[in-house]
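As structure tokens, the structure follows; a few thoughts come after it.
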Amino acid sequence: MPEVRLVGPNGEQVGIVRVEDALRLAAEADLDLVEVAPEARPPVCKLMDFGKFKYEADMKARDARRNQANTVLKEIRFRLKIDPHDYGTKKGHVERFLKAGDKVKVMIMFRGREQSRPEMGMRLLQRLAEDVAELGHVESTPRQDGRNMTMVLGPNKKKTETRNEQRRRAQEAAATAEPAEPEATEAG
């Protein structure tokens with residue numbers, strides 16, 4: 001006669017019982033008999049509401065997906081001879097991407113004789129990394145591949161922390177922007 005190790009609805013051990021008895025107990029308690037560990041000897045079964053169990057498992061999976069930080073890799077391109085104003089603008093873009101919690105791939109494109117001066121590109125990338133050090137860190141050091149030199153910057157904060165901070169700020173702004181109720185005055 002097949003037997004199972006039965007666990008009660010509150011997690012208490014009932015013991016080793018026959019399958020028919022376990023099914024009868026489940027029917028009496030208006031619960032389902034769910035096999036939890038089929039590889040064990042004897043198999044472990046639990047008395048539970050299977051619909052509720054499945055719903056809770058789906059909600060846990062949904063929350064895990066929602067809280068998962070899906071980081072985007074943004075790319076920004078520089079030329080070796082970049083005007084100071086253009087550098088400032090592109091640096092601002094990099095800062096905005098890092099504040100949003102995204103990684104940034106910074107690429108310097110070399111043309112013609114510029115390819116013989118990779119140290120100038122290295123200096124430009126190091127300068128950019130120093131300028132945005134409070135927002136991000138260097139994840140992959142500058143390296144030359146063909147006509148381009150690339151470096152990857154990552155945010156110091158995790159994306160979920162950044163998103164939570166943005167939500168908190170939005171809630172605070174909404175709370176302070178609510179109009180005050182007009183006070184009732186007595187007509188005399």
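Identifiers for the structure tokens are assigned positionally: chains receive A, B, ... in sequence, residues are indexed from 1 per chain, and ligands are indexed from 1 in the order shown.
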Picked from region 70-130 of chain A by DSSP as helix (DSSP H, G or I), as a PyMOL selection string: chain A and resi 84-99+112-116+118-130
Given the selection you just returned, output its residues as a file containing N, CA and C atoms, formatted as a JSON list (two decimals), in the first residue's frame.
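Final output, selection06.json:
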```json
[["chain", "number", "residue", "atom", "x", "y", "z"],
["A", 84, "PRO", "N", 34.95, 72.54, -25.91],
["A", 84, "PRO", "CA", 34.60, 72.49, -24.48],
["A", 84, "PRO", "C", 33.08, 72.52, -24.23],
["A", 85, "HIS", "N", 32.34, 73.32, -25.00],
["A", 85, "HIS", "CA", 30.89, 73.36, -24.80],
["A", 85, "HIS", "C", 30.25, 72.03, -25.17],
["A", 86, "ASP", "N", 30.70, 71.43, -26.28],
["A", 86, "ASP", "CA", 30.16, 70.13, -26.69],
["A", 86, "ASP", "C", 30.49, 69.07, -25.64],
["A", 87, "TYR", "N", 31.70, 69.15, -25.08],
["A", 87, "TYR", "CA", 32.10, 68.21, -24.03],
["A", 87, "TYR", "C", 31.15, 68.34, -22.83],
["A", 88, "GLY", "N", 30.86, 69.58, -22.45],
["A", 88, "GLY", "CA", 29.95, 69.81, -21.33],
["A", 88, "GLY", "C", 28.56, 69.25, -21.59],
["A", 89, "THR", "N", 28.07, 69.42, -22.81],
["A", 89, "THR", "CA", 26.75, 68.91, -23.17],
["A", 89, "THR", "C", 26.73, 67.39, -23.09],
["A", 90, "LYS", "N", 27.73, 66.76, -23.68],
["A", 90, "LYS", "CA", 27.77, 65.29, -23.68],
["A", 90, "LYS", "C", 27.99, 64.76, -22.27],
["A", 91, "LYS", "N", 28.78, 65.48, -21.47],
["A", 91, "LYS", "CA", 28.98, 65.08, -20.08],
["A", 91, "LYS", "C", 27.65, 65.15, -19.33],
["A", 92, "GLY", "N", 26.83, 66.16, -19.65],
["A", 92, "GLY", "CA", 25.50, 66.28, -19.04],
["A", 92, "GLY", "C", 24.62, 65.09, -19.39],
["A", 93, "HIS", "N", 24.70, 64.62, -20.64],
["A", 93, "HIS", "CA", 23.94, 63.44, -21.05],
["A", 93, "HIS", "C", 24.39, 62.22, -20.25],
["A", 94, "VAL", "N", 25.70, 62.06, -20.10],
["A", 94, "VAL", "CA", 26.24, 60.92, -19.35],
["A", 94, "VAL", "C", 25.74, 60.99, -17.91],
["A", 95, "GLU", "N", 25.76, 62.18, -17.31],
["A", 95, "GLU", "CA", 25.29, 62.34, -15.93],
["A", 95, "GLU", "C", 23.81, 61.98, -15.82],
["A", 96, "ARG", "N", 23.01, 62.42, -16.79],
["A", 96, "ARG", "CA", 21.58, 62.12, -16.76],
["A", 96, "ARG", "C", 21.33, 60.60, -16.85],
["A", 97, "PHE", "N", 22.08, 59.93, -17.73],
["A", 97, "PHE", "CA", 21.94, 58.48, -17.86],
["A", 97, "PHE", "C", 22.32, 57.78, -16.56],
["A", 98, "LEU", "N", 23.41, 58.21, -15.93],
["A", 98, "LEU", "CA", 23.86, 57.58, -14.69],
["A", 98, "LEU", "C", 22.87, 57.83, -13.56],
["A", 99, "LYS", "N", 22.29, 59.04, -13.51],
["A", 99, "LYS", "CA", 21.28, 59.34, -12.48],
["A", 99, "LYS", "C", 20.06, 58.45, -12.64],
["A", 112, "GLY", "N", 41.77, 59.47, -39.24],
["A", 112, "GLY", "CA", 43.06, 59.80, -39.86],
["A", 112, "GLY", "C", 44.24, 59.67, -38.92],
["A", 113, "ARG", "N", 45.01, 60.78, -38.81],
["A", 113, "ARG", "CA", 46.22, 60.75, -37.99],
["A", 113, "ARG", "C", 45.92, 60.68, -36.49],
["A", 114, "GLU", "N", 44.67, 60.93, -36.10],
["A", 114, "GLU", "CA", 44.31, 60.84, -34.68],
["A", 114, "GLU", "C", 44.56, 59.42, -34.15],
["A", 115, "GLN", "N", 44.52, 58.43, -35.04],
["A", 115, "GLN", "CA", 44.71, 57.04, -34.61],
["A", 115, "GLN", "C", 46.10, 56.79, -34.06],
["A", 116, "SER", "N", 47.05, 57.63, -34.42],
["A", 116, "SER", "CA", 48.41, 57.45, -33.91],
["A", 116, "SER", "C", 48.57, 58.07, -32.52],
["A", 118, "PRO", "N", 46.60, 57.48, -29.38],
["A", 118, "PRO", "CA", 45.59, 56.91, -28.48],
["A", 118, "PRO", "C", 45.68, 57.46, -27.05],
["A", 119, "GLU", "N", 46.85, 57.97, -26.67],
["A", 119, "GLU", "CA", 46.99, 58.50, -25.30],
["A", 119, "GLU", "C", 46.11, 59.73, -25.09],
["A", 120, "MET", "N", 45.83, 60.49, -26.17],
["A", 120, "MET", "CA", 44.93, 61.64, -26.05],
["A", 120, "MET", "C", 43.50, 61.18, -25.78],
["A", 121, "GLY", "N", 43.10, 60.11, -26.43],
["A", 121, "GLY", "CA", 41.78, 59.54, -26.18],
["A", 121, "GLY", "C", 41.67, 59.00, -24.76],
["A", 122, "MET", "N", 42.75, 58.38, -24.30],
["A", 122, "MET", "CA", 42.78, 57.85, -22.94],
["A", 122, "MET", "C", 42.61, 58.98, -21.92],
["A", 123, "ARG", "N", 43.29, 60.11, -22.17],
["A", 123, "ARG", "CA", 43.18, 61.26, -21.25],
["A", 123, "ARG", "C", 41.76, 61.82, -21.23],
["A", 124, "LEU", "N", 41.12, 61.89, -22.41],
["A", 124, "LEU", "CA", 39.76, 62.40, -22.49],
["A", 124, "LEU", "C", 38.79, 61.50, -21.71],
["A", 125, "LEU", "N", 38.94, 60.19, -21.85],
["A", 125, "LEU", "CA", 38.06, 59.27, -21.13],
["A", 125, "LEU", "C", 38.31, 59.33, -19.62],
["A", 126, "GLN", "N", 39.58, 59.46, -19.22],
["A", 126, "GLN", "CA", 39.88, 59.57, -17.79],
["A", 126, "GLN", "C", 39.31, 60.86, -17.21],
["A", 127, "ARG", "N", 39.39, 61.94, -17.99],
["A", 127, "ARG", "CA", 38.83, 63.22, -17.53],
["A", 127, "ARG", "C", 37.32, 63.10, -17.34],
["A", 128, "LEU", "N", 36.64, 62.45, -18.29],
["A", 128, "LEU", "CA", 35.20, 62.25, -18.17],
["A", 128, "LEU", "C", 34.87, 61.39, -16.95],
["A", 129, "ALA", "N", 35.65, 60.33, -16.72],
["A", 129, "ALA", "CA", 35.40, 59.46, -15.57],
["A", 129, "ALA", "C", 35.57, 60.23, -14.26],
["A", 130, "GLU", "N", 36.56, 61.13, -14.20],
["A", 130, "GLU", "CA", 36.76, 61.94, -13.00],
["A", 130, "GLU", "C", 35.62, 62.94, -12.82]]
```
Spatial neighbours of region 23-40 of chain A, 12 Å, only C-alpha atoms, chain gap at least 2 places, as JSON, numbers by chain: {"A": [3, 4, 5, 6, 7, 8, 9, 14, 17, 18, 19, 20, 21, 42, 43, 44, 45, 46, 47, 48, 49, 50, 51, 52, 53, 54]}
Shell around Gly146 (chain A) at 10 Å using only C-alpha atoms, local window under 3 positions removed, as a VMD selection string: chain A and resid 109 to 110 115 143 149
Gap from CA of Val132 (chain A) to CA of Gln68 (chain A) - Å, one decimal: 25.3 Å
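CA of Ala170 (chain A) is positioned 29.1 Å from CA of Lys105 (chain A).
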Secondary structure check, strand (DSSP E) residues of chain A, as a PyMOL selection string: chain A and resi 3-7+13-18+32-37+44-48+73-79+103-109+136-145+148-155
Could you save the residues just selected, with N, CA and C atoms, as a short mmCIF file (atom, residue, chain, number, x, y, z; two decimals), in the first residue's frame?
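Printed below is part_1.cif as written:
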```cif
data_model
loop_
_atom_site.label_atom_id
_atom_site.label_comp_id
_atom_site.auth_asym_id
_atom_site.auth_seq_id
_atom_site.Cartn_x
_atom_site.Cartn_y
_atom_site.Cartn_z
N GLU A 3 2.42 4.86 0.67
CA GLU A 3 2.32 5.76 1.81
C GLU A 3 3.03 7.07 1.50
N VAL A 4 2.63 8.11 2.21
CA VAL A 4 3.26 9.43 2.06
C VAL A 4 3.52 10.02 3.44
N ARG A 5 4.50 10.90 3.50
CA ARG A 5 4.73 11.66 4.73
C ARG A 5 3.84 12.89 4.63
N LEU A 6 2.93 13.05 5.56
CA LEU A 6 1.92 14.09 5.48
C LEU A 6 2.28 15.26 6.38
N VAL A 7 2.15 16.47 5.81
CA VAL A 7 2.36 17.71 6.55
C VAL A 7 1.02 18.43 6.60
N GLN A 13 3.88 18.24 11.39
CA GLN A 13 4.07 16.89 10.88
C GLN A 13 2.92 16.01 11.36
N VAL A 14 2.21 15.39 10.41
CA VAL A 14 1.15 14.45 10.77
C VAL A 14 1.74 13.05 10.89
N GLY A 15 2.71 12.74 10.03
CA GLY A 15 3.36 11.43 10.06
C GLY A 15 3.22 10.73 8.73
N ILE A 16 3.60 9.44 8.72
CA ILE A 16 3.50 8.64 7.50
C ILE A 16 2.14 7.96 7.50
N VAL A 17 1.35 8.26 6.45
CA VAL A 17 -0.01 7.71 6.35
C VAL A 17 -0.22 7.15 4.95
N ARG A 18 -1.25 6.34 4.79
CA ARG A 18 -1.59 5.81 3.47
C ARG A 18 -2.18 6.93 2.63
N ASP A 32 -6.64 20.66 -0.46
CA ASP A 32 -6.09 19.79 -1.50
C ASP A 32 -4.87 19.07 -0.94
N LEU A 33 -4.60 17.88 -1.48
CA LEU A 33 -3.40 17.13 -1.12
C LEU A 33 -2.37 17.41 -2.21
N VAL A 34 -1.30 18.11 -1.87
CA VAL A 34 -0.30 18.53 -2.86
C VAL A 34 1.01 17.84 -2.55
N GLU A 35 1.59 17.19 -3.59
CA GLU A 35 2.89 16.53 -3.43
C GLU A 35 3.98 17.59 -3.48
N VAL A 36 4.72 17.73 -2.39
CA VAL A 36 5.72 18.78 -2.27
C VAL A 36 7.10 18.28 -2.68
N ALA A 37 7.46 17.08 -2.22
CA ALA A 37 8.79 16.52 -2.52
C ALA A 37 8.61 15.09 -3.03
N VAL A 44 6.70 13.42 0.14
CA VAL A 44 6.12 14.35 1.11
C VAL A 44 4.93 15.05 0.46
N CYS A 45 3.79 15.03 1.15
CA CYS A 45 2.58 15.71 0.69
C CYS A 45 2.12 16.68 1.76
N LYS A 46 1.45 17.75 1.32
CA LYS A 46 0.98 18.76 2.26
C LYS A 46 -0.49 19.05 2.00
N LEU A 47 -1.21 19.28 3.09
CA LEU A 47 -2.61 19.70 2.99
C LEU A 47 -2.62 21.21 2.84
N MET A 48 -3.17 21.70 1.71
CA MET A 48 -3.20 23.15 1.48
C MET A 48 -4.27 23.48 0.45
N LEU A 73 22.01 49.78 -21.47
CA LEU A 73 23.33 50.29 -21.82
C LEU A 73 23.14 51.40 -22.84
N LYS A 74 23.38 52.63 -22.42
CA LYS A 74 23.30 53.79 -23.31
C LYS A 74 24.67 54.00 -23.93
N GLU A 75 24.70 54.59 -25.10
CA GLU A 75 25.98 54.84 -25.77
C GLU A 75 26.08 56.31 -26.13
N ILE A 76 27.26 56.87 -25.90
CA ILE A 76 27.50 58.27 -26.27
C ILE A 76 28.84 58.32 -26.98
N ARG A 77 28.91 59.10 -28.06
CA ARG A 77 30.13 59.14 -28.89
C ARG A 77 30.79 60.51 -28.81
N PHE A 78 32.09 60.48 -28.72
CA PHE A 78 32.91 61.68 -28.70
C PHE A 78 33.85 61.64 -29.89
N ARG A 79 34.29 62.82 -30.31
CA ARG A 79 35.42 62.91 -31.22
C ARG A 79 36.61 63.34 -30.39
N LYS A 103 23.72 52.13 -17.45
CA LYS A 103 25.15 52.09 -17.76
C LYS A 103 25.38 52.92 -19.02
N VAL A 104 26.59 53.46 -19.16
CA VAL A 104 26.90 54.29 -20.32
C VAL A 104 28.17 53.77 -20.98
N LYS A 105 28.08 53.50 -22.27
CA LYS A 105 29.26 53.12 -23.06
C LYS A 105 29.74 54.39 -23.75
N VAL A 106 30.93 54.84 -23.37
CA VAL A 106 31.50 56.06 -23.95
C VAL A 106 32.47 55.64 -25.04
N MET A 107 32.28 56.21 -26.24
CA MET A 107 33.12 55.82 -27.37
C MET A 107 33.78 57.06 -27.97
N ILE A 108 35.08 56.96 -28.19
CA ILE A 108 35.80 58.02 -28.89
C ILE A 108 36.14 57.49 -30.27
N MET A 109 35.77 58.27 -31.30
CA MET A 109 36.03 57.86 -32.67
C MET A 109 37.27 58.60 -33.17
N GLY A 136 28.95 57.87 -10.99
CA GLY A 136 29.23 56.56 -11.55
C GLY A 136 30.68 56.17 -11.41
N HIS A 137 30.95 54.92 -11.72
CA HIS A 137 32.31 54.39 -11.64
C HIS A 137 32.64 53.67 -12.95
N VAL A 138 33.92 53.48 -13.19
CA VAL A 138 34.38 52.83 -14.41
C VAL A 138 34.20 51.33 -14.25
N GLU A 139 33.39 50.73 -15.11
CA GLU A 139 33.19 49.29 -15.06
C GLU A 139 34.15 48.57 -15.99
N SER A 140 34.45 49.18 -17.13
CA SER A 140 35.43 48.58 -18.02
C SER A 140 36.39 49.69 -18.45
N THR A 141 37.65 49.47 -18.20
CA THR A 141 38.66 50.49 -18.47
C THR A 141 38.74 50.79 -19.97
N PRO A 142 39.25 51.97 -20.34
CA PRO A 142 39.34 52.31 -21.76
C PRO A 142 40.19 51.31 -22.53
N ARG A 143 39.68 50.89 -23.67
CA ARG A 143 40.45 49.97 -24.53
C ARG A 143 40.19 50.32 -25.99
N GLN A 144 41.20 50.13 -26.77
CA GLN A 144 41.16 50.47 -28.20
C GLN A 144 40.69 49.26 -28.98
N ASP A 145 39.67 49.46 -29.83
CA ASP A 145 39.29 48.41 -30.76
C ASP A 145 39.08 49.05 -32.12
N ASN A 148 38.11 52.97 -32.79
CA ASN A 148 37.39 53.50 -31.63
C ASN A 148 38.06 53.09 -30.32
N MET A 149 37.85 53.91 -29.31
CA MET A 149 38.27 53.59 -27.96
C MET A 149 37.02 53.65 -27.10
N THR A 150 36.78 52.59 -26.31
CA THR A 150 35.55 52.54 -25.53
C THR A 150 35.83 52.35 -24.05
N MET A 151 34.87 52.82 -23.25
CA MET A 151 34.92 52.66 -21.80
C MET A 151 33.46 52.56 -21.34
N VAL A 152 33.19 51.75 -20.32
CA VAL A 152 31.83 51.61 -19.80
C VAL A 152 31.79 52.17 -18.39
N LEU A 153 30.82 53.06 -18.15
CA LEU A 153 30.59 53.64 -16.83
C LEU A 153 29.30 53.05 -16.27
N GLY A 154 29.32 52.71 -14.98
CA GLY A 154 28.13 52.19 -14.33
C GLY A 154 27.69 53.12 -13.22
N PRO A 155 26.40 53.15 -12.91
CA PRO A 155 25.90 54.03 -11.85
C PRO A 155 26.35 53.54 -10.48
#
```
